[in-house]
Number of protein chains: 2
Amino acid sequence: MSNQAPPNEGSMASASSDVPTFAPLYRQIRALILRSLKEGEWRPGDMIPSETELATRFGVSQGTARRAIDELAAENVLVRRQGRGTFVASHLQRVNQFRFLKLRPDGGDLEPFSGKVIECRRTRPPASLARQLRLRPGEAAILTRRILQFGPEDTVLDEIWLPAERFKGFSAEGFESYQGLLYGYLEAEFGVQMLRAEERLKAVLAQPEQAGPLGIAVGAPLLQVERVSFTYDEQPVEVRRGFYVTTRHHYFNQLG
Amino acid sequence: MSNQAPPNEGSMASASSDVPTFAPLYRQIRALILRSLKEGEWRPGDMIPSETELATRFGVSQGTARRAIDELAAENVLVRRQGRGTFVASHLQRVNQFRFLKLRPDGGDLEPFSGKVIECRRTRPPASLARQLRLRPGEAAILTRRILQFGPEDTVLDEIWLPAERFKGFSAEGFESYQGLLYGYLEAEFGVQMLRAEERLKAVLAQPEQAGPLGIAVGAPLLQVERVSFTYDEQPVEVRRGFYVTTRHHYFNQLG
DNA sequence: TAGTGGTCTAGACCACACG
DNA sequence: GTGTGGTCTAGACCACTAC
């Protein structure tokens, strides 16, 4: 490629149709890397080609490939490790266990937790959920309810909705074998990588449906956390409603 | 400066003692820019010198100065505007009004809000607060209580603690004249820029102290939000306890 | 037209990990 | 030692803003 490339005539920009043509080169490269990830060329935990290899492959300078990788690393899609290489992020890595779980014990450090599935069935979702998951009319969903224990205490009750078609073979046993790490299970067994989520929090009073499983009194305060999670291309693939007992724990957030 | 600079012999690295010596050049430049900001050389809303000017001033290449600025822009300390220049972020800018307020109406867009101070006095803080604000023994604090209205509804009750020495002259009138924008007031009148905050959330039941001002029933569920805010050098300068009514609003959070 | 940030390149060397 | 990412430089040109 010429040194002073005109705005958008990168050799690959015109060669691939599903990549935006009028964007900086490094964004086009970023999109191409994302496509390879989405298509499974490199799987979670894998090392991707080096910066120079990618630069050659895409016909750009190493600095441009680097910038694309930088963005993806900043979004936690890739992980750079000096001297070793660049890797596809995985929810099974230690460092990611708490990326989507903001609950912390009031005093002290992160606690290990364990999950206990109390219900798991295929069912017809309410209309609002079908909309959020962008299901086709009549498409079924999987409903899973589980308890998270922090130490000995039942702390979280989750009601998790997944599109049934995408997760054929989903089972309570499979889920539990991943020690409560839903996204690890989905990634390893179904090839679905969760990248991003939105949460909406409210304070509510415990109803019998929550009080029973959690072993607390009806009318006790609960933190209700509604989550929609997205994979590649901003596709929603999970809707979850959690109820957190916040007597000895809190939801931690950083504002920047 | 020579082309291949040895790890850390930048001309300014050795010249200034309060900047870490063993760090990449661009981090040293970042620290120097931060120092100028902290010392007030450039104030919120000001344009800072161009990349090339900063590069010359600090004896590095434009690319290195650029990278330092990039980091500060990513942290919302600076704001870049193509063709115009780079500016010091200000809490009085529109775009920053909701940077530290995650409460959203359940349906629809961001709502304008207004603040109403119901108490404002100098007092001796509880020990835990004195510790969080790193006050010297016996040092006084300012306690402010205020209500935030979203539309016509009383939605938030805040109890705000500030170190009295740093905010001499703080008044309910001054605060209210900034339309509920505490950080705008602190920035404009006291030269304190809030950069970052930590929040800890719990679900609680309304006590009479909260139910009264908010006009709700005792025992209603409230979202309790404890915040510690930091200015330059990770200095805590505000501790706040908020009670959010979440019947028609929710706390919104993005997980990456 | 002049000045700003934004993109892209090419090449050098450093720091780190692993065999 | 070899290969990886990390830092730094120099220089070119593009895109946007304001005068």
# chains A, B, ... in the order shown; residues from 1 in each chain; ligands from 1
$ interface_residues --of "chain B" --to "chain C" --cutoff "6 Å" --atoms "only C-alpha atoms (C1' of nucleotides)" --output "ChimeraX atom specification"
/B:82-85
$ closest_atom_pairs --of "chain A" --to "chain B" --cutoff "12 Å" --atoms "only C-alpha atoms" --output "Markdown table"
| residue | atom | partner | partner_atom | distance |
| --- | --- | --- | --- | --- |
| A:Glu71 | CA | B:Ala74 | CA | 11.9 |
| A:Leu72 | CA | B:Gly256 | CA | 11.6 |
| A:Ala73 | CA | B:Gly256 | CA | 11.4 |
| A:Ala74 | CA | B:Gly256 | CA | 9.6 |
| A:Glu75 | CA | B:Gly256 | CA | 6.7 |
| A:Asn76 | CA | B:Gly256 | CA | 7.2 |
| A:Val77 | CA | B:Gly256 | CA | 9.5 |
| A:Asn96 | CA | B:Gly256 | CA | 10.7 |
| A:Phe98 | CA | B:Leu255 | CA | 10.7 |
| A:Arg99 | CA | B:Gly256 | CA | 7.5 |
| A:Phe100 | CA | B:Leu255 | CA | 6.3 |
| A:Leu101 | CA | B:Leu255 | CA | 9.0 |
| A:Lys102 | CA | B:Leu255 | CA | 9.2 |
| A:Leu103 | CA | B:Leu201 | CA | 9.1 |
| A:Arg104 | CA | B:Arg200 | CA | 9.0 |
| A:Pro105 | CA | B:Arg200 | CA | 10.6 |
| A:Asp106 | CA | B:Arg200 | CA | 9.0 |
| A:Gly107 | CA | B:Arg200 | CA | 11.7 |
| A:Met194 | CA | B:Gly256 | CA | 9.5 |
| A:Leu195 | CA | B:Gly256 | CA | 6.6 |
| A:Arg196 | CA | B:Gly256 | CA | 4.8 |
| A:Ala197 | CA | B:Leu255 | CA | 5.0 |
| A:Glu198 | CA | B:Gln254 | CA | 4.7 |
| A:Glu199 | CA | B:Asn253 | CA | 5.1 |
| A:Arg200 | CA | B:Phe252 | CA | 4.7 |
| A:Leu201 | CA | B:Tyr251 | CA | 4.9 |
| A:Lys202 | CA | B:Thr246 | CA | 5.4 |
| A:Ala203 | CA | B:Ala203 | CA | 5.0 |
| A:Val204 | CA | B:Pro221 | CA | 5.4 |
| A:Leu205 | CA | B:Pro221 | CA | 6.2 |
| A:Ala206 | CA | B:Pro221 | CA | 9.8 |
| A:Gly219 | CA | B:Gly219 | CA | 9.0 |
| A:Ala220 | CA | B:Leu205 | CA | 8.0 |
| A:Pro221 | CA | B:Val204 | CA | 5.4 |
| A:Leu222 | CA | B:Ala203 | CA | 5.4 |
| A:Leu223 | CA | B:Ala203 | CA | 5.1 |
| A:Gln224 | CA | B:Ala203 | CA | 8.5 |
| A:Val225 | CA | B:Tyr251 | CA | 9.3 |
| A:Glu226 | CA | B:Phe252 | CA | 9.7 |
| A:Arg227 | CA | B:Asn253 | CA | 9.4 |
| A:Val228 | CA | B:Gln254 | CA | 10.0 |
| A:Ser229 | CA | B:Leu255 | CA | 8.9 |
| A:Phe230 | CA | B:Gly256 | CA | 10.0 |
| A:Thr231 | CA | B:Gly256 | CA | 11.2 |
| A:Phe243 | CA | B:Ala203 | CA | 10.2 |
| A:Tyr244 | CA | B:Ala203 | CA | 8.5 |
| A:Val245 | CA | B:Ala203 | CA | 8.0 |
| A:Thr246 | CA | B:Lys202 | CA | 5.4 |
| A:Thr247 | CA | B:Lys202 | CA | 7.6 |
| A:Arg248 | CA | B:Lys202 | CA | 9.3 |
| A:His249 | CA | B:Lys202 | CA | 7.7 |
| A:His250 | CA | B:Leu201 | CA | 5.3 |
| A:Tyr251 | CA | B:Leu201 | CA | 4.9 |
| A:Phe252 | CA | B:Arg200 | CA | 4.7 |
| A:Asn253 | CA | B:Glu199 | CA | 5.1 |
| A:Gln254 | CA | B:Glu198 | CA | 4.7 |
| A:Leu255 | CA | B:Ala197 | CA | 5.0 |
| A:Gly256 | CA | B:Arg196 | CA | 4.7 |
$ residues_around --residues "Ser177 (chain A)" --least-positions-apart "4" --cutoff "12 Å" --atoms "only C-alpha atoms (C1' of nucleotides)" --output "list in words"
Ser114, Gly115, Lys116, Val117, Phe170, Ser171, Ala172, Glu173, Leu181, Leu182, Gly184, Tyr185, Leu186, Ala188 and Glu189 of chain A
$ interface_residues --of "chain D" --to "chain A" --cutoff "9 Å" --atoms "only C-alpha atoms (C1' of nucleotides)" --output "number ranges by chain"
D: 3-6, 12-14
$ select_by_dssp --residues "region 1-197 of chain B" --states "strand (DSSP E or B)" --output "PDB file with N, CA and C atoms, in the first residue's frame"
ATOM      1  N   MET B  47      -8.419  25.937  26.269  1.00  0.00           N
ATOM      2  CA  MET B  47      -7.713  25.140  25.281  1.00  0.00           C
ATOM      3  C   MET B  47      -6.266  25.014  25.756  1.00  0.00           C
ATOM      4  N   ILE B  48      -5.727  23.802  25.696  1.00  0.00           N
ATOM      5  CA  ILE B  48      -4.321  23.628  26.055  1.00  0.00           C
ATOM      6  C   ILE B  48      -3.472  23.796  24.794  1.00  0.00           C
ATOM      7  N   LEU B  78      -9.235  15.466  29.412  1.00  0.00           N
ATOM      8  CA  LEU B  78      -9.154  16.394  28.287  1.00  0.00           C
ATOM      9  C   LEU B  78     -10.202  16.013  27.247  1.00  0.00           C
ATOM     10  N   VAL B  79     -10.530  16.952  26.399  1.00  0.00           N
ATOM     11  CA  VAL B  79     -11.478  16.700  25.316  1.00  0.00           C
ATOM     12  C   VAL B  79     -10.852  17.195  24.019  1.00  0.00           C
ATOM     13  N   ARG B  80     -10.747  16.313  23.043  1.00  0.00           N
ATOM     14  CA  ARG B  80     -10.178  16.700  21.758  1.00  0.00           C
ATOM     15  C   ARG B  80     -11.298  17.119  20.817  1.00  0.00           C
ATOM     16  N   ARG B  81     -11.026  18.190  20.043  1.00  0.00           N
ATOM     17  CA  ARG B  81     -12.002  18.588  19.035  1.00  0.00           C
ATOM     18  C   ARG B  81     -11.260  18.869  17.753  1.00  0.00           C
ATOM     19  N   GLY B  85      -8.808  22.135  18.638  1.00  0.00           N
ATOM     20  CA  GLY B  85      -7.786  22.054  19.665  1.00  0.00           C
ATOM     21  C   GLY B  85      -8.168  21.055  20.735  1.00  0.00           C
ATOM     22  N   THR B  86      -7.373  21.031  21.807  1.00  0.00           N
ATOM     23  CA  THR B  86      -7.652  20.121  22.920  1.00  0.00           C
ATOM     24  C   THR B  86      -7.991  20.963  24.141  1.00  0.00           C
ATOM     25  N   PHE B  87      -9.052  20.608  24.832  1.00  0.00           N
ATOM     26  CA  PHE B  87      -9.586  21.428  25.899  1.00  0.00           C
ATOM     27  C   PHE B  87      -9.642  20.684  27.227  1.00  0.00           C
ATOM     28  N   VAL B  88      -9.591  21.453  28.318  1.00  0.00           N
ATOM     29  CA  VAL B  88      -9.733  20.861  29.634  1.00  0.00           C
ATOM     30  C   VAL B  88     -11.218  20.588  29.883  1.00  0.00           C
ATOM     31  N   LEU B 103     -28.812   7.501  37.158  1.00  0.00           N
ATOM     32  CA  LEU B 103     -30.248   7.271  37.260  1.00  0.00           C
ATOM     33  C   LEU B 103     -30.956   7.703  35.970  1.00  0.00           C
ATOM     34  N   ARG B 104     -31.818   6.815  35.464  1.00  0.00           N
ATOM     35  CA  ARG B 104     -32.525   7.087  34.207  1.00  0.00           C
ATOM     36  C   ARG B 104     -34.009   6.796  34.397  1.00  0.00           C
ATOM     37  N   PRO B 105     -34.854   7.521  33.666  1.00  0.00           N
ATOM     38  CA  PRO B 105     -36.278   7.149  33.699  1.00  0.00           C
ATOM     39  C   PRO B 105     -36.477   5.796  33.026  1.00  0.00           C
ATOM     40  N   PHE B 113     -33.157  17.672  35.467  1.00  0.00           N
ATOM     41  CA  PHE B 113     -33.477  17.579  36.887  1.00  0.00           C
ATOM     42  C   PHE B 113     -33.172  18.904  37.568  1.00  0.00           C
ATOM     43  N   SER B 114     -33.693  19.046  38.757  1.00  0.00           N
ATOM     44  CA  SER B 114     -33.391  20.263  39.507  1.00  0.00           C
ATOM     45  C   SER B 114     -33.137  19.893  40.954  1.00  0.00           C
ATOM     46  N   GLY B 115     -32.307  20.673  41.619  1.00  0.00           N
ATOM     47  CA  GLY B 115     -31.924  20.369  42.989  1.00  0.00           C
ATOM     48  C   GLY B 115     -32.514  21.365  43.971  1.00  0.00           C
ATOM     49  N   LYS B 116     -32.740  20.881  45.186  1.00  0.00           N
ATOM     50  CA  LYS B 116     -33.344  21.686  46.243  1.00  0.00           C
ATOM     51  C   LYS B 116     -32.590  21.359  47.522  1.00  0.00           C
ATOM     52  N   VAL B 117     -31.831  22.317  48.043  1.00  0.00           N
ATOM     53  CA  VAL B 117     -31.058  22.054  49.258  1.00  0.00           C
ATOM     54  C   VAL B 117     -31.974  22.160  50.470  1.00  0.00           C
ATOM     55  N   ILE B 118     -31.960  21.145  51.335  1.00  0.00           N
ATOM     56  CA  ILE B 118     -32.831  21.200  52.512  1.00  0.00           C
ATOM     57  C   ILE B 118     -32.033  21.342  53.804  1.00  0.00           C
ATOM     58  N   GLU B 119     -30.726  21.229  53.692  1.00  0.00           N
ATOM     59  CA  GLU B 119     -29.897  21.423  54.877  1.00  0.00           C
ATOM     60  C   GLU B 119     -28.475  21.650  54.412  1.00  0.00           C
ATOM     61  N   CYS B 120     -27.764  22.528  55.124  1.00  0.00           N
ATOM     62  CA  CYS B 120     -26.375  22.804  54.752  1.00  0.00           C
ATOM     63  C   CYS B 120     -25.680  23.404  55.948  1.00  0.00           C
ATOM     64  N   ARG B 121     -24.809  22.637  56.579  1.00  0.00           N
ATOM     65  CA  ARG B 121     -24.157  23.165  57.778  1.00  0.00           C
ATOM     66  C   ARG B 121     -22.782  22.546  57.957  1.00  0.00           C
ATOM     67  N   ARG B 122     -21.988  23.288  58.730  1.00  0.00           N
ATOM     68  CA  ARG B 122     -20.665  22.832  59.098  1.00  0.00           C
ATOM     69  C   ARG B 122     -20.790  22.004  60.359  1.00  0.00           C
ATOM     70  N   THR B 123     -20.135  20.843  60.367  1.00  0.00           N
ATOM     71  CA  THR B 123     -20.297  19.976  61.528  1.00  0.00           C
ATOM     72  C   THR B 123     -19.101  19.057  61.671  1.00  0.00           C
ATOM     73  N   ALA B 141     -16.300  19.224  58.729  1.00  0.00           N
ATOM     74  CA  ALA B 141     -16.826  18.885  57.412  1.00  0.00           C
ATOM     75  C   ALA B 141     -18.093  19.689  57.157  1.00  0.00           C
ATOM     76  N   ILE B 142     -18.465  19.772  55.901  1.00  0.00           N
ATOM     77  CA  ILE B 142     -19.726  20.402  55.525  1.00  0.00           C
ATOM     78  C   ILE B 142     -20.704  19.295  55.166  1.00  0.00           C
ATOM     79  N   LEU B 143     -21.875  19.360  55.792  1.00  0.00           N
ATOM     80  CA  LEU B 143     -22.923  18.386  55.473  1.00  0.00           C
ATOM     81  C   LEU B 143     -24.025  19.095  54.708  1.00  0.00           C
ATOM     82  N   THR B 144     -24.332  18.569  53.555  1.00  0.00           N
ATOM     83  CA  THR B 144     -25.418  19.142  52.756  1.00  0.00           C
ATOM     84  C   THR B 144     -26.417  18.047  52.437  1.00  0.00           C
ATOM     85  N   ARG B 145     -27.677  18.360  52.629  1.00  0.00           N
ATOM     86  CA  ARG B 145     -28.702  17.414  52.202  1.00  0.00           C
ATOM     87  C   ARG B 145     -29.526  18.079  51.124  1.00  0.00           C
ATOM     88  N   ARG B 146     -29.815  17.336  50.091  1.00  0.00           N
ATOM     89  CA  ARG B 146     -30.589  17.935  49.009  1.00  0.00           C
ATOM     90  C   ARG B 146     -31.473  16.883  48.357  1.00  0.00           C
ATOM     91  N   ILE B 147     -32.515  17.405  47.719  1.00  0.00           N
ATOM     92  CA  ILE B 147     -33.447  16.554  46.982  1.00  0.00           C
ATOM     93  C   ILE B 147     -33.243  16.826  45.497  1.00  0.00           C
ATOM     94  N   LEU B 148     -33.229  15.764  44.710  1.00  0.00           N
ATOM     95  CA  LEU B 148     -33.235  15.935  43.263  1.00  0.00           C
ATOM     96  C   LEU B 148     -34.610  15.567  42.742  1.00  0.00           C
ATOM     97  N   GLN B 149     -35.144  16.458  41.938  1.00  0.00           N
ATOM     98  CA  GLN B 149     -36.430  16.177  41.304  1.00  0.00           C
ATOM     99  C   GLN B 149     -36.209  15.870  39.833  1.00  0.00           C
ATOM    100  N   PHE B 150     -36.751  14.748  39.398  1.00  0.00           N
ATOM    101  CA  PHE B 150     -36.771  14.436  37.967  1.00  0.00           C
ATOM    102  C   PHE B 150     -38.192  14.739  37.524  1.00  0.00           C
ATOM    103  N   GLU B 153     -41.201  14.799  40.222  1.00  0.00           N
ATOM    104  CA  GLU B 153     -41.092  13.835  41.309  1.00  0.00           C
ATOM    105  C   GLU B 153     -39.802  13.954  42.118  1.00  0.00           C
ATOM    106  N   ASP B 154     -39.941  13.914  43.434  1.00  0.00           N
ATOM    107  CA  ASP B 154     -38.774  13.820  44.296  1.00  0.00           C
ATOM    108  C   ASP B 154     -38.215  12.417  44.145  1.00  0.00           C
ATOM    109  N   THR B 155     -37.006  12.318  43.619  1.00  0.00           N
ATOM    110  CA  THR B 155     -36.490  10.993  43.257  1.00  0.00           C
ATOM    111  C   THR B 155     -35.232  10.612  44.028  1.00  0.00           C
ATOM    112  N   VAL B 156     -34.447  11.624  44.403  1.00  0.00           N
ATOM    113  CA  VAL B 156     -33.183  11.325  45.066  1.00  0.00           C
ATOM    114  C   VAL B 156     -33.023  12.196  46.300  1.00  0.00           C
ATOM    115  N   LEU B 157     -32.613  11.558  47.385  1.00  0.00           N
ATOM    116  CA  LEU B 157     -32.211  12.306  48.575  1.00  0.00           C
ATOM    117  C   LEU B 157     -30.722  12.074  48.782  1.00  0.00           C
ATOM    118  N   ASP B 158     -29.949  13.131  48.749  1.00  0.00           N
ATOM    119  CA  ASP B 158     -28.499  13.013  48.891  1.00  0.00           C
ATOM    120  C   ASP B 158     -28.033  13.639  50.191  1.00  0.00           C
ATOM    121  N   GLU B 159     -27.067  12.964  50.791  1.00  0.00           N
ATOM    122  CA  GLU B 159     -26.410  13.495  51.990  1.00  0.00           C
ATOM    123  C   GLU B 159     -24.948  13.598  51.609  1.00  0.00           C
ATOM    124  N   ILE B 160     -24.459  14.829  51.476  1.00  0.00           N
ATOM    125  CA  ILE B 160     -23.148  15.068  50.894  1.00  0.00           C
ATOM    126  C   ILE B 160     -22.179  15.613  51.941  1.00  0.00           C
ATOM    127  N   TRP B 161     -21.028  14.975  52.057  1.00  0.00           N
ATOM    128  CA  TRP B 161     -20.012  15.422  53.018  1.00  0.00           C
ATOM    129  C   TRP B 161     -18.775  15.921  52.281  1.00  0.00           C
ATOM    130  N   LEU B 162     -18.334  17.127  52.671  1.00  0.00           N
ATOM    131  CA  LEU B 162     -17.144  17.715  52.052  1.00  0.00           C
ATOM    132  C   LEU B 162     -16.197  18.192  53.135  1.00  0.00           C
ATOM    133  N   PRO B 163     -14.890  18.191  52.889  1.00  0.00           N
ATOM    134  CA  PRO B 163     -13.951  18.743  53.868  1.00  0.00           C
ATOM    135  C   PRO B 163     -14.116  20.261  53.928  1.00  0.00           C
ATOM    136  N   ARG B 196     -13.092  11.084  39.195  1.00  0.00           N
ATOM    137  CA  ARG B 196     -13.401   9.668  39.290  1.00  0.00           C
ATOM    138  C   ARG B 196     -14.202   9.434  40.565  1.00  0.00           C
ATOM    139  N   ALA B 197     -15.013   8.402  40.600  1.00  0.00           N
ATOM    140  CA  ALA B 197     -15.762   8.085  41.810  1.00  0.00           C
ATOM    141  C   ALA B 197     -16.005   6.585  41.898  1.00  0.00           C
TER     142      ALA B 197
END
$ atom_distance --atom1 "CA of Gly212 (chain A)" --atom2 "CA of Gly242 (chain A)"
14.6 Å
$ atom_distance --atom1 "CA of Pro152 (chain B)" --atom2 "CA of Glu187 (chain B)"
28.0 Å
